[in-house]
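S.K.: The following block contains the structure, expressed as structure tokens.
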Amino acid sequence: MSETMIDPSVIEQDNAAREANLRQDYDSLGERLDRQGIAIDTIKDKVARFGVAIPSWGVGTGGTRFARFPGTGEPRDIFDKLEDCAVIHQMTRSTPTVSLHIPWDKADPNRLKDTANRLGLGFDAMNSNTFSDAKGQANSYKFGSLSHTDAATRQQAIEHNLECIEIGQAIGSKALTVWVGDGSNFPGQAHFTRQFERYLDSMKSVYQGLPNDWRLFTEHKIFEPAFYSTVVQDWGTNYLIAKELGDRAYCLVDLGHHAPNVNIEMIVARLIQFGKLGGFHFNDSKYGDDDLDAGSIDPYRLFLVFNELVDAEQNLDDFRPAHMLDQSHNVTDPIESLMVSACEVLRSYAQGLIVDRKALSGYQDANDALMGSQTLKAAFRTDVEPILAMARMETGGAIDPVAAYRASGYRQKVGEVRPASESGGGGIV
Ligand code: LRH
Ligand code: MN
Ligand code: MN
């Protein structure tokens, strides 16, 4: 039995006040879905088995290059972060794993593993960091890392990725995610082809060090920190990388890493079709890589992504993309944001599961554009909250995670032991 950060009686008490209404709502939705030939319990069981990983860096208050405004009880280190992640999982029962970022989360692997075990958590993909210089490192990444013109700097970046794999192996991770900020800020600064060749060569060395039962995810992003060109700028380049590297190399889609209005669900469909969709960093955005809470700006887009994922899940044998959140919380309690975001991801999944796929396919074949759209809208308009809440309650979680979390007083309690974190400026405006 794993240790709980919040006394289970807090959840039980909060649930007790909500359970009768939930059962009524669940039965009523069940009747409605039944008329559509859908068994609500089947959807609920699938939702209960769905997990989305928490990024360790998401539980601390984020910031912008202008400023950071920390909250009460900011986690001091990765061990505090794991405890906050355990709270999120205790409340939602849908975030069983944590994704670490090295060197931010570097610590004794045995202690990491023991702490996670104690809290009932596991580890998802490891994330390497060659987009900023670590203290004391020999060569700077100012002009790139895996694609740097200098061989020694490239080698240092390769070795860092191999070290991430080594740490990951010690703690039970099974994937490495590589995102680099390499690129250029001025036309003429870098030779596009030679730079990408250097990147591919370096990644081949990383891939060689990948254990057989691991997957390698490369993450594309249109721009930032490089503002003129980026080496892994879009899904096309990302697909080329995965293809060049081999069978265990896949593309990772961070929803915030595209130009505004790009059809991300279609990118997802393409990567699925050619067997190269590795996983996601879920978040939402209005302008750029805003890292806002999943589903907070455009929930329909999140649903459309899941519409593709459910379609694939129902048609493919070994389809298991890695689901992770990647968010920055500037004005909310990160634990609350991450709980709500995990629920939004599950909501989209549940809505994807209730799409009438047979009807949809018929409308598509008949070129009935209006009814095709209406079929998706019918699923999206359905309030599946009772399914999510029932899945949470039956697995020991909270019917209303935010309410139960607030009732627990967790934030105030950790605020008493964790020293106040200093607010401060970000970078230079
Ligand atoms: C880059 C990114 C990538 C990093 C994380 C901190 O914008 O999405 O996944 O590892 O942010
Ligand atoms: Mn990301
Ligand atoms: Mn990002």
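Ordered as shown in the structure tokens, chains take letters A, B, and onward, while each chain numbers its residues from 1 and ligands are numbered from 1 in the order shown.
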Give me, as CSV, the closest atom pair and its distance (Å, one decimal) for every residue of chain A within a cut-off of 10 Å of ligand 3, counting only C-alpha atoms and all ligand atoms, rows sorted by chain and rising number.
M.R.:
residue,atom,partner,partner_atom_place_in_ligand_line,distance
A:Trp179,CA,ligand 3,1 (Mn),8.9
A:Glu219,CA,ligand 3,1 (Mn),9.0
A:His220,CA,ligand 3,1 (Mn),9.1
A:Lys221,CA,ligand 3,1 (Mn),7.2
A:Ile222,CA,ligand 3,1 (Mn),9.9
A:Phe223,CA,ligand 3,1 (Mn),9.7
A:Glu224,CA,ligand 3,1 (Mn),8.8
A:Val253,CA,ligand 3,1 (Mn),9.9
A:Asp254,CA,ligand 3,1 (Mn),6.6
A:Leu255,CA,ligand 3,1 (Mn),8.3
A:Gly256,CA,ligand 3,1 (Mn),6.2
A:His257,CA,ligand 3,1 (Mn),6.1
A:His258,CA,ligand 3,1 (Mn),9.9
A:His281,CA,ligand 3,1 (Mn),8.1
A:Phe282,CA,ligand 3,1 (Mn),9.7
A:Asn283,CA,ligand 3,1 (Mn),8.9
A:Gly288,CA,ligand 3,1 (Mn),9.1
A:Asp289,CA,ligand 3,1 (Mn),5.4
A:Asp290,CA,ligand 3,1 (Mn),7.7
A:Asp291,CA,ligand 3,1 (Mn),6.6
A:Asp326,CA,ligand 3,1 (Mn),7.0
A:Gln327,CA,ligand 3,1 (Mn),7.9
A:Ser328,CA,ligand 3,1 (Mn),9.2
S.K.: Excluding A:Pro109 and any residue of its chain fewer than 4 positions from it, enumerate the residues within 9 Å of it, using only C-alpha atoms, and give them as a list of chain:residue names.
M.R.: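 Selected residues are A:Lys113, A:Asp114, A:Ile167, A:Gly168, A:Ala170, A:Ile171.
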S.K.: With only C-alpha atoms as the counted atoms, please give the residues lying no more than 10 Å from A:Gly295, apart from itself and same-chain residues fewer than 6 positions off, as an NGL selection string.
M.R.: :A and (282-285 or 301-303 or 340-345 or 347-348)
S.K.: Quick one, how far is atom CA of A:Ala391 from atom CA of A:Asp80?
M.R.: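 Interatomic distance, atom CA of A:Ala391 to atom CA of A:Asp80: 27.4 Å.
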S.K.: With only C-alpha atoms and all ligand atoms as the atoms that count, which of A:Ser128, A:Thr64, A:Gln90, A:Ser28 lies nearest to ligand 1?
M.R.: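 Among the listed residues, the smallest separation from ligand 1 belongs to A:Ser128.
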S.K.: Show which residues sit within 9 Å of A:Pro211, as a VMD selection string. Count only C-alpha atoms, and ignore same-chain residues fewer than 4 positions away.
M.R.: chain A and resid 165 169 174 207 215
S.K.: Limited to N, CA and C atoms, could you put the picked residues into a file as a short mmCIF file (atom, residue, chain, number, x, y, z; two decimals), in the first residue's frame?
M.R.:
data_model
loop_
_atom_site.label_atom_id
_atom_site.label_comp_id
_atom_site.auth_asym_id
_atom_site.auth_seq_id
_atom_site.Cartn_x
_atom_site.Cartn_y
_atom_site.Cartn_z
N ILE A 165 19.62 8.37 -20.35
CA ILE A 165 19.16 6.99 -20.52
C ILE A 165 19.60 6.15 -19.32
N GLN A 169 17.23 4.20 -16.85
CA GLN A 169 17.26 2.73 -16.66
C GLN A 169 17.25 2.38 -15.18
N LYS A 174 11.27 4.12 -19.70
CA LYS A 174 11.40 3.33 -20.93
C LYS A 174 11.47 4.20 -22.18
N TYR A 207 20.91 7.15 -30.44
CA TYR A 207 20.06 5.99 -30.74
C TYR A 207 20.80 4.67 -30.49
N ARG A 215 12.02 3.53 -26.21
CA ARG A 215 11.66 4.32 -27.41
C ARG A 215 12.32 5.70 -27.31
#
S.K.: Work out how far apart atom CA of A:Glu74 and atom CA of A:Pro96 are and give it in Å to one decimal.
M.R.: 21.2 Å
S.K.: For A:Ser337, find every residue with an atom within 8 Å (counting only C-alpha atoms), except residues of its own chain fewer than 5 positions away, and show them as number ranges by chain.
M.R.: A: 293, 329, 332
S.K.: Export, as a CSV table (one decimal), in the first residue's frame, the selected residues with C-alpha atoms.
M.R.:
chain,number,residue,atom,x,y,z
A,293,ASP,CA,-3.7,24.3,-19.4
A,329,HIS,CA,1.5,27.7,-14.6
A,332,THR,CA,-2.8,29.3,-10.7
S.K.: With distances taken over only C-alpha atoms and all ligand atoms, which residue among A:Leu353, A:Ala312, A:Leu370, A:Met126 lies nearest ligand 2?
M.R.: A:Met126
S.K.: Please provide as a PyMOL selection string all residues within 12 Å of A:Gln374, with the sequence filter that same-chain residues fewer than 4 positions apart are discarded (counting only C-alpha atoms).
M.R.: chain A and resi 355-356+359-360+363-364+368-370+378-381
S.K.: Generate the output file for the selected residues, N, CA and C atoms, as a tab-separated table (two decimals), in the first residue's frame.
M.R.:
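Generated file (again.tsv):
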chain	number	residue	atom	x	y	z
A	355	VAL	N	-17.84	8.83	-30.17
A	355	VAL	CA	-18.14	9.22	-31.56
A	355	VAL	C	-18.75	8.01	-32.27
A	356	ASP	N	-19.84	8.25	-32.98
A	356	ASP	CA	-20.47	7.17	-33.76
A	356	ASP	C	-19.64	6.96	-35.03
A	359	ALA	N	-21.38	5.64	-38.33
A	359	ALA	CA	-22.13	6.69	-39.02
A	359	ALA	C	-21.17	7.68	-39.68
A	360	LEU	N	-20.13	8.03	-38.96
A	360	LEU	CA	-19.16	9.00	-39.47
A	360	LEU	C	-18.55	8.50	-40.78
A	363	TYR	N	-21.01	8.83	-43.59
A	363	TYR	CA	-21.15	10.21	-44.07
A	363	TYR	C	-19.92	10.61	-44.90
A	364	GLN	N	-18.77	10.14	-44.49
A	364	GLN	CA	-17.55	10.48	-45.23
A	364	GLN	C	-17.60	9.86	-46.62
A	368	ASP	N	-21.11	13.57	-47.21
A	368	ASP	CA	-22.09	14.38	-46.48
A	368	ASP	C	-21.34	15.21	-45.43
A	369	ALA	N	-20.83	16.33	-45.87
A	369	ALA	CA	-19.98	17.17	-45.01
A	369	ALA	C	-20.71	17.61	-43.75
A	370	LEU	N	-21.96	18.03	-43.92
A	370	LEU	CA	-22.70	18.55	-42.78
A	370	LEU	C	-22.88	17.48	-41.70
A	378	ALA	N	-21.81	16.05	-32.05
A	378	ALA	CA	-22.71	15.37	-31.11
A	378	ALA	C	-21.91	14.77	-29.96
A	379	ALA	N	-20.75	14.20	-30.28
A	379	ALA	CA	-19.91	13.62	-29.22
A	379	ALA	C	-19.30	14.73	-28.37
A	380	PHE	N	-18.82	15.77	-29.03
A	380	PHE	CA	-18.16	16.86	-28.32
A	380	PHE	C	-19.12	17.59	-27.39
A	381	ARG	N	-20.40	17.68	-27.82
A	381	ARG	CA	-21.39	18.39	-26.98
A	381	ARG	C	-21.85	17.57	-25.78
S.K.: Name the closest residue to ligand 1 among the candidates A:Leu292, A:Ile43, A:Val417, A:Val178; distances are taken between atoms, counting only C-alpha atoms and all ligand atoms.
M.R.: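 Ranked by minimum distance to ligand 1, first place goes to A:Val178.
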S.K.: Which residue, A:Arg418, A:Ala242, A:Leu119, A:Glu308, has the smallest gap to A:Arg270 when you use only C-alpha atoms?
M.R.: A:Glu308
S.K.: May I ask which of the residues A:Ser296, A:Asp150, A:Gln156, A:Ile264 is the closest one to A:Ala134, counting only C-alpha atoms?
M.R.: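 Among A:Ser296, A:Asp150, A:Gln156, A:Ile264, it is A:Gln156 that comes nearest to A:Ala134.
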S.K.: Just to confirm, what's the straight-line distance from atom CA of A:Asp41 to atom CA of A:Leu121 in Å (one decimal)?
M.R.: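 Between these atoms lies a distance of 26.1 Å.
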